[in-house]
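Contents: one structure, followed by commentary.
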Amino acid sequence: MQPLAERQRSFAAALLAPALPAPIGLIGPDGEPSPRRFAVYRNNVVVGLTETLKDAFPAVHRIVGADFFRAMARAYVMVEPPRSPIMLDYGAGFPDFIQGFEPAAVLPYLADVARIERAWTEAYHAPEASPIDPKAFTTIAPDELPGMRLMLHPSLRVVRSEFPALTIWQMNVAGGIPAPVDPAAGGEDVLVVRPLADVEVRSIPEGSLEFIQALGDGRPVLAALEAALTANSRFDLSGNLSDLLGAGALVGYRLAPDTRRP
Amino acid sequence: MTLPSYCARDRIPARGGVGLKAEHYRTILEQRPDIGFFEVHAENYMGAGGPPHRYLSAIRERYPLSLHGVGLSIGADLPLDEAHLQRLSGLIERYRPGLFSEHLAWSSHDTGFLNDLLPVPYTGETLGRVVEHIDQVQSSLRRQMLLENPSTYLAFAESTYSEIDFIAEVVRRTGCGLLLDVNNVYVASTNQLWDPIAYIDAYPLAHVQEIHLAGYTREADEKGRPLLIDTHNRPVDEIVWELYAHAVTLIGPVPTLIEWDADVPVWATLKWEADRAEAIMFATKSEALRHAAAR
């Protein structure tokens, strides 16, 4: 009799390798082998996972169409099957896979659209946190600002694209209307955050991504400003801070230890 | 093992219920439909935060909830995933579900998570493994779980137990309860050439605490024999309603869930099916009472 471990090993291996024959000892009601019956499980696994990806990457699906998406998702499923039973987290590696997927090379912005969609999913399921009141900063003395550290909302993600990936994404989600886009129109930096119940996706000005990343690394406002100015010498600090507050992207701040006191 | 009982307002009533889908969150909160309970897939609420938890919390304040796991892989030869058990435990603490159920199936292997409910051979070795895993689940979650009968498309040459004898022995050894999926009974019976009525008659019905109903898709195998697929993407079939009526004649009114997970219809369609289940279970009850009175 076949031990359970061996039975499940061969069953699992054949599920994800269509070239392998169905394992022996899997039978129909007449006791005879039935590859067609095993194929139901094979199909369930692949279709289930490609549907999961389709739900998580609706704009990518709309851009490439159902047939291309199915083929691309199937190829991804084979190289990166899920490691965890939590399907809402499946597909973290899909954008990078798309980047390297030869048949999609004619759509160089596609991987970045997928990165925006992945950021959206992560923001959607991220922990809850309350954004700080936009008026909170009015009580802070201007000389305290440079040493201040800002806490970003746990749902916050940034995506950089050298293409107009956000514009393309917006045209391909529910309610979007596709229109001609010049892929060479220039890059877009994108902020994704879910301050309360809804995920918000917006374009951010040049230097803002560097600023946000430095804040996210726990660096004080002055150091984040320096990072931003390296990217954009005309970076507008107060405008960016008020945009972040308005977006609900900040959940707290810490003033530098007071060094003026004796 | 003594398992704690849950307080009355958490209890799932013997009524119709519906598998909760994100598409219906708003409608349910706006319309407050009169329905016995909702059931969710545990894994869909294992994110840290966000709208799924916000909606589920709001719905749970108004309705009893049943928690249905699809990823624990009780039938796997591998040890259970401790982290997954911890997550289930957290969900149970947070949402106080009246029932918790899982499948007689496996879905995890060294290669990862296979995202399907795969069948197990009915052997003494599998029985030992399943019993060990259910003992572990019940002691870790500190409550009784319900085990669901599978929809199968093939059989294993090495099986030495019938499906029913296997399930009855699991119940005897673990003290778990049962979730009778009547659609699965019909799907498996058609695919395996069993008599579905005889299946239900022989099932350990005294341990059934919940019933599932769903739709299937009809295909054929390489010899032209019917091959039914458990797709949950359409109405409950008439023959499954008949089997259900037969089952509740024997069991009595019992929490009954409509599962519809793909091509999800408008809310009214699901509600109609849940109402139909309720009508059948109570018609059967009054019929049984009339019979008893006439005797």
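Letters for chains follow the order of the structure tokens (A, B, ...), residue numbers begin at 1 for each chain, and ligand numbers begin at 1 in the order shown.
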
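All chain A residues having an atom within 6 Å of chain B, based on only C-alpha atoms, amount to Met1, Ala5, Gly25, Leu26, Ile27, Gly28, Pro29, Arg36, Arg37, Val45, Pro82, Arg83, Ser84, Pro85, Ile86, Tyr124, His125, Ala126, Pro127, Glu128 and Ala197 of chain A.
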
Store the residues picked out above, limited to N, CA and C atoms, as a PDB file, in the first residue's frame.
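What landed in out_12.pdb:
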```pdb
ATOM      1  N   MET A   1       0.839  -1.200   0.000  1.00  0.00           N
ATOM      2  CA  MET A   1       0.000   0.000   0.000  1.00  0.00           C
ATOM      3  C   MET A   1       0.873   1.250   0.000  1.00  0.00           C
ATOM      4  N   ALA A   5       2.457   9.923   2.781  1.00  0.00           N
ATOM      5  CA  ALA A   5       3.443  10.954   2.420  1.00  0.00           C
ATOM      6  C   ALA A   5       3.798  10.853   0.943  1.00  0.00           C
ATOM      7  N   GLY A  25      -2.930   4.705  -9.403  1.00  0.00           N
ATOM      8  CA  GLY A  25      -3.814   4.378  -8.278  1.00  0.00           C
ATOM      9  C   GLY A  25      -4.940   5.368  -8.069  1.00  0.00           C
ATOM     10  N   LEU A  26      -5.106   6.329  -8.993  1.00  0.00           N
ATOM     11  CA  LEU A  26      -6.242   7.253  -8.918  1.00  0.00           C
ATOM     12  C   LEU A  26      -7.272   6.747  -9.912  1.00  0.00           C
ATOM     13  N   ILE A  27      -8.419   6.339  -9.387  1.00  0.00           N
ATOM     14  CA  ILE A  27      -9.318   5.539 -10.219  1.00  0.00           C
ATOM     15  C   ILE A  27     -10.739   6.086 -10.294  1.00  0.00           C
ATOM     16  N   GLY A  28     -11.426   5.710 -11.346  1.00  0.00           N
ATOM     17  CA  GLY A  28     -12.852   5.989 -11.497  1.00  0.00           C
ATOM     18  C   GLY A  28     -13.659   4.900 -10.810  1.00  0.00           C
ATOM     19  N   PRO A  29     -14.994   4.954 -10.926  1.00  0.00           N
ATOM     20  CA  PRO A  29     -15.847   4.003 -10.206  1.00  0.00           C
ATOM     21  C   PRO A  29     -15.681   2.555 -10.688  1.00  0.00           C
ATOM     22  N   ARG A  36      -8.689  11.913 -16.708  1.00  0.00           N
ATOM     23  CA  ARG A  36      -9.634  13.023 -16.836  1.00  0.00           C
ATOM     24  C   ARG A  36     -10.090  13.509 -15.453  1.00  0.00           C
ATOM     25  N   ARG A  37     -10.250  12.584 -14.529  1.00  0.00           N
ATOM     26  CA  ARG A  37     -10.676  12.952 -13.183  1.00  0.00           C
ATOM     27  C   ARG A  37      -9.559  13.677 -12.435  1.00  0.00           C
ATOM     28  N   VAL A  45      -6.686  23.951  -9.466  1.00  0.00           N
ATOM     29  CA  VAL A  45      -5.555  24.655  -8.846  1.00  0.00           C
ATOM     30  C   VAL A  45      -5.156  25.839  -9.722  1.00  0.00           C
ATOM     31  N   PRO A  82       1.572  29.706  -4.387  1.00  0.00           N
ATOM     32  CA  PRO A  82       1.489  30.345  -3.064  1.00  0.00           C
ATOM     33  C   PRO A  82       2.221  29.536  -1.999  1.00  0.00           C
ATOM     34  N   ARG A  83       2.796  30.238  -1.046  1.00  0.00           N
ATOM     35  CA  ARG A  83       3.441  29.587   0.095  1.00  0.00           C
ATOM     36  C   ARG A  83       2.488  29.543   1.280  1.00  0.00           C
ATOM     37  N   SER A  84       1.452  30.367   1.250  1.00  0.00           N
ATOM     38  CA  SER A  84       0.590  30.516   2.416  1.00  0.00           C
ATOM     39  C   SER A  84      -0.862  30.291   2.016  1.00  0.00           C
ATOM     40  N   PRO A  85      -1.691  29.810   2.954  1.00  0.00           N
ATOM     41  CA  PRO A  85      -3.109  29.631   2.636  1.00  0.00           C
ATOM     42  C   PRO A  85      -3.899  30.943   2.598  1.00  0.00           C
ATOM     43  N   ILE A  86      -3.241  32.071   2.823  1.00  0.00           N
ATOM     44  CA  ILE A  86      -3.966  33.347   2.806  1.00  0.00           C
ATOM     45  C   ILE A  86      -3.905  33.908   1.392  1.00  0.00           C
ATOM     46  N   TYR A 124      -5.157  48.012   1.179  1.00  0.00           N
ATOM     47  CA  TYR A 124      -6.525  47.591   1.513  1.00  0.00           C
ATOM     48  C   TYR A 124      -6.547  46.722   2.773  1.00  0.00           C
ATOM     49  N   HIS A 125      -5.563  45.825   2.894  1.00  0.00           N
ATOM     50  CA  HIS A 125      -5.550  44.881   4.014  1.00  0.00           C
ATOM     51  C   HIS A 125      -4.621  45.310   5.155  1.00  0.00           C
ATOM     52  N   ALA A 126      -4.020  46.480   5.057  1.00  0.00           N
ATOM     53  CA  ALA A 126      -3.039  46.913   6.062  1.00  0.00           C
ATOM     54  C   ALA A 126      -3.706  47.179   7.411  1.00  0.00           C
ATOM     55  N   PRO A 127      -2.889  47.203   8.483  1.00  0.00           N
ATOM     56  CA  PRO A 127      -3.467  47.483   9.809  1.00  0.00           C
ATOM     57  C   PRO A 127      -4.162  48.851   9.860  1.00  0.00           C
ATOM     58  N   GLU A 128      -5.105  48.965  10.795  1.00  0.00           N
ATOM     59  CA  GLU A 128      -5.793  50.240  11.003  1.00  0.00           C
ATOM     60  C   GLU A 128      -4.887  51.198  11.773  1.00  0.00           C
ATOM     61  N   ALA A 197     -11.545  53.981   5.426  1.00  0.00           N
ATOM     62  CA  ALA A 197     -12.088  52.778   4.775  1.00  0.00           C
ATOM     63  C   ALA A 197     -11.651  52.646   3.316  1.00  0.00           C
TER      64      ALA A 197
END
```

Checklist line | Who sits within 10 Å of Ser242 of chain A, only C-alpha atoms, same chain under 5 positions skipped, as a list in words | finding: Pro134, Lys135, Phe137, Leu237, Ala247 and Gly248 of chain A

Notebook entry, point to check: Do you have the atom CA of Tyr199 of chain B-atom CA of Asp275 of chain B distance handy?
Noted result: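 Distance between the two atoms: 25.6 Å.
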
Within 10 Å of Ile63 of chain A, counting only C-alpha atoms, which residues show up once you throw out same-chain ones fewer than 6 positions away? Write them as a PDB file with C-alpha atoms, in the first residue's frame, please.
```pdb
ATOM      1  CA  PHE A  69      -3.668  37.420 -18.883  1.00  0.00           C
ATOM      2  CA  LEU A 107       4.089  46.966 -22.857  1.00  0.00           C
ATOM      3  CA  LEU A 110       2.665  46.971 -17.516  1.00  0.00           C
ATOM      4  CA  VAL A 113       0.633  49.257 -13.406  1.00  0.00           C
ATOM      5  CA  ILE A 168      -2.811  54.199 -17.542  1.00  0.00           C
ATOM      6  CA  TRP A 169      -4.025  52.512 -14.348  1.00  0.00           C
ATOM      7  CA  MET A 171      -8.051  54.536 -17.382  1.00  0.00           C
ATOM      8  CA  ASN A 172      -8.261  50.791 -16.797  1.00  0.00           C
ATOM      9  CA  VAL A 173     -10.029  50.480 -13.468  1.00  0.00           C
ATOM     10  CA  PRO A 178      -9.061  54.136 -22.057  1.00  0.00           C
TER      11      PRO A 178
END
```

Note to self: Residues of segment 118-276 of chain B classed as helix (DSSP H, G or I) by DSSP on the backbone are to be reported as JSON, numbers by chain.
What the structure shows: {"B": [124, 125, 126, 127, 128, 129, 130, 131, 132, 133, 134, 135, 136, 137, 138, 139, 140, 141, 163, 164, 165, 166, 167, 168, 169, 170, 171, 172, 173, 174, 182, 183, 184, 185, 186, 187, 188, 189, 190, 191, 192, 196, 197, 198, 199, 200, 201, 202, 205, 206, 207, 238, 239, 240, 241, 242, 243, 244, 245, 246, 247, 248, 249, 250, 251, 267, 268, 269, 270, 271, 272, 273, 274, 275, 276]}

Next item on the list: Within 12 Å of Glu61 of chain B, counting only C-alpha atoms, which residues show up once you throw out same-chain ones fewer than 3 positions away? Write them as an MDAnalysis selection string, please.
Entry: chainID B and resid 9:10 29 32 37:38 54:58 64:65 94:97

Next item on the list: Compile the contact shell of Phe68 of chain A as a list in words: residues with an atom at most 12 Å away, counting only C-alpha atoms, same-chain residues fewer than 4 positions apart removed.
Entry: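 Neighbouring residues, sequence-local ones excluded: Thr50, Lys54, Val60, His61, Arg62, Ile63, Val64, Met72, Ala73, Arg74, Ala75, Ile98, Phe101, Pro103 and Ala104 of chain A.
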
Keeping only N, CA and C atoms, write the selected residues as a CSV table (one decimal), in the first residue's frame.
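The result, written out as result.csv:
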```csv
chain,number,residue,atom,x,y,z
A,50,THR,N,-5.2,31.6,-11.0
A,50,THR,CA,-5.2,32.7,-12.0
A,50,THR,C,-6.4,33.6,-11.8
A,54,LYS,N,-6.4,37.6,-11.2
A,54,LYS,CA,-7.2,38.5,-12.0
A,54,LYS,C,-8.0,39.4,-11.1
A,60,VAL,N,-4.4,45.3,-15.1
A,60,VAL,CA,-3.5,44.5,-15.9
A,60,VAL,C,-4.3,43.6,-16.8
A,61,HIS,N,-5.3,43.0,-16.2
A,61,HIS,CA,-6.2,42.1,-16.9
A,61,HIS,C,-6.9,42.8,-18.1
A,62,ARG,N,-7.4,44.0,-17.8
A,62,ARG,CA,-8.1,44.8,-18.8
A,62,ARG,C,-7.2,45.2,-19.9
A,63,ILE,N,-5.9,45.6,-19.6
A,63,ILE,CA,-5.0,46.1,-20.6
A,63,ILE,C,-4.6,44.9,-21.6
A,64,VAL,N,-4.3,43.8,-21.0
A,64,VAL,CA,-3.8,42.7,-21.9
A,64,VAL,C,-4.9,41.8,-22.5
A,72,MET,N,-0.3,34.5,-19.0
A,72,MET,CA,0.8,35.1,-18.2
A,72,MET,C,0.6,34.6,-16.8
A,73,ALA,N,-0.6,34.6,-16.3
A,73,ALA,CA,-0.9,34.2,-14.9
A,73,ALA,C,-0.5,32.7,-14.7
A,74,ARG,N,-0.8,31.9,-15.7
A,74,ARG,CA,-0.5,30.5,-15.6
A,74,ARG,C,1.0,30.3,-15.5
A,75,ALA,N,1.7,31.0,-16.3
A,75,ALA,CA,3.2,30.9,-16.2
A,75,ALA,C,3.7,31.3,-14.9
A,98,ILE,N,6.1,40.0,-14.3
A,98,ILE,CA,5.6,40.7,-15.5
A,98,ILE,C,6.8,41.4,-16.2
A,101,PHE,N,8.7,39.1,-18.1
A,101,PHE,CA,7.9,38.2,-19.0
A,101,PHE,C,8.0,38.6,-20.4
A,103,PRO,N,6.9,38.0,-23.5
A,103,PRO,CA,5.8,38.4,-24.4
A,103,PRO,C,5.2,39.7,-24.0
A,104,ALA,N,5.4,40.2,-22.7
A,104,ALA,CA,4.8,41.5,-22.3
A,104,ALA,C,5.8,42.6,-22.5
```

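Across A:Glu102, A:Gly176, A:Ile140, A:Ala119, the tightest approach to Arg160 of chain A is made by A:Ala119 when counting only C-alpha atoms.
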
Item checked: Exercise: Leu156 of chain A partners within 7 Å, only C-alpha atoms, chain neighbours under 4 positions left out, as a list in words ->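 In the requested format, the answer is Ala123, Leu152, Val192, Val193 and Ala249 of chain A.
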
Please produce an output containing N, CA and C atoms for each residue in the selection, written as a PDB file, in the first residue's frame.
```pdb
ATOM      1  N   ALA A 123      -2.429  48.037   0.741  1.00  0.00           N
ATOM      2  CA  ALA A 123      -3.037  49.121   1.515  1.00  0.00           C
ATOM      3  C   ALA A 123      -4.424  48.708   2.022  1.00  0.00           C
ATOM      4  N   LEU A 152       4.410  57.373   9.358  1.00  0.00           N
ATOM      5  CA  LEU A 152       3.543  57.182   8.197  1.00  0.00           C
ATOM      6  C   LEU A 152       2.444  56.164   8.507  1.00  0.00           C
ATOM      7  N   VAL A 192      -0.032  55.606  -2.512  1.00  0.00           N
ATOM      8  CA  VAL A 192      -1.223  54.791  -2.242  1.00  0.00           C
ATOM      9  C   VAL A 192      -1.382  54.725  -0.729  1.00  0.00           C
ATOM     10  N   VAL A 193      -2.563  55.064  -0.234  1.00  0.00           N
ATOM     11  CA  VAL A 193      -2.781  55.048   1.214  1.00  0.00           C
ATOM     12  C   VAL A 193      -4.252  54.803   1.508  1.00  0.00           C
ATOM     13  N   ALA A 249      -2.025  60.579   5.513  1.00  0.00           N
ATOM     14  CA  ALA A 249      -0.872  59.678   5.410  1.00  0.00           C
ATOM     15  C   ALA A 249       0.005  59.673   6.660  1.00  0.00           C
TER      16      ALA A 249
END
```

Notebook entry, point to check: Counting only C-alpha atoms, which of A:Phe235, A:Trp120, A:Glu144, A:Asp133 gets nearest to Leu191 of chain A?
Noted result: A:Trp120

Margin query: At a cut-off of 12 Å, using only C-alpha atoms, what residues contact Leu145 of chain A? Leave out same-chain residues fewer than 4 positions from it and give the result as a PyMOL selection string.
Written below: chain A and resi 137-141+149-150+220-225+237-238+241+253-256

Checklist line | Straight-line distance linking atom CA of Glu117 of chain A with atom CA of Glu39 of chain B, stated in Å to one decimal | finding: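 Computing the Euclidean distance for atom CA of Glu117 of chain A and atom CA of Glu39 of chain B yields 28.2 Å.
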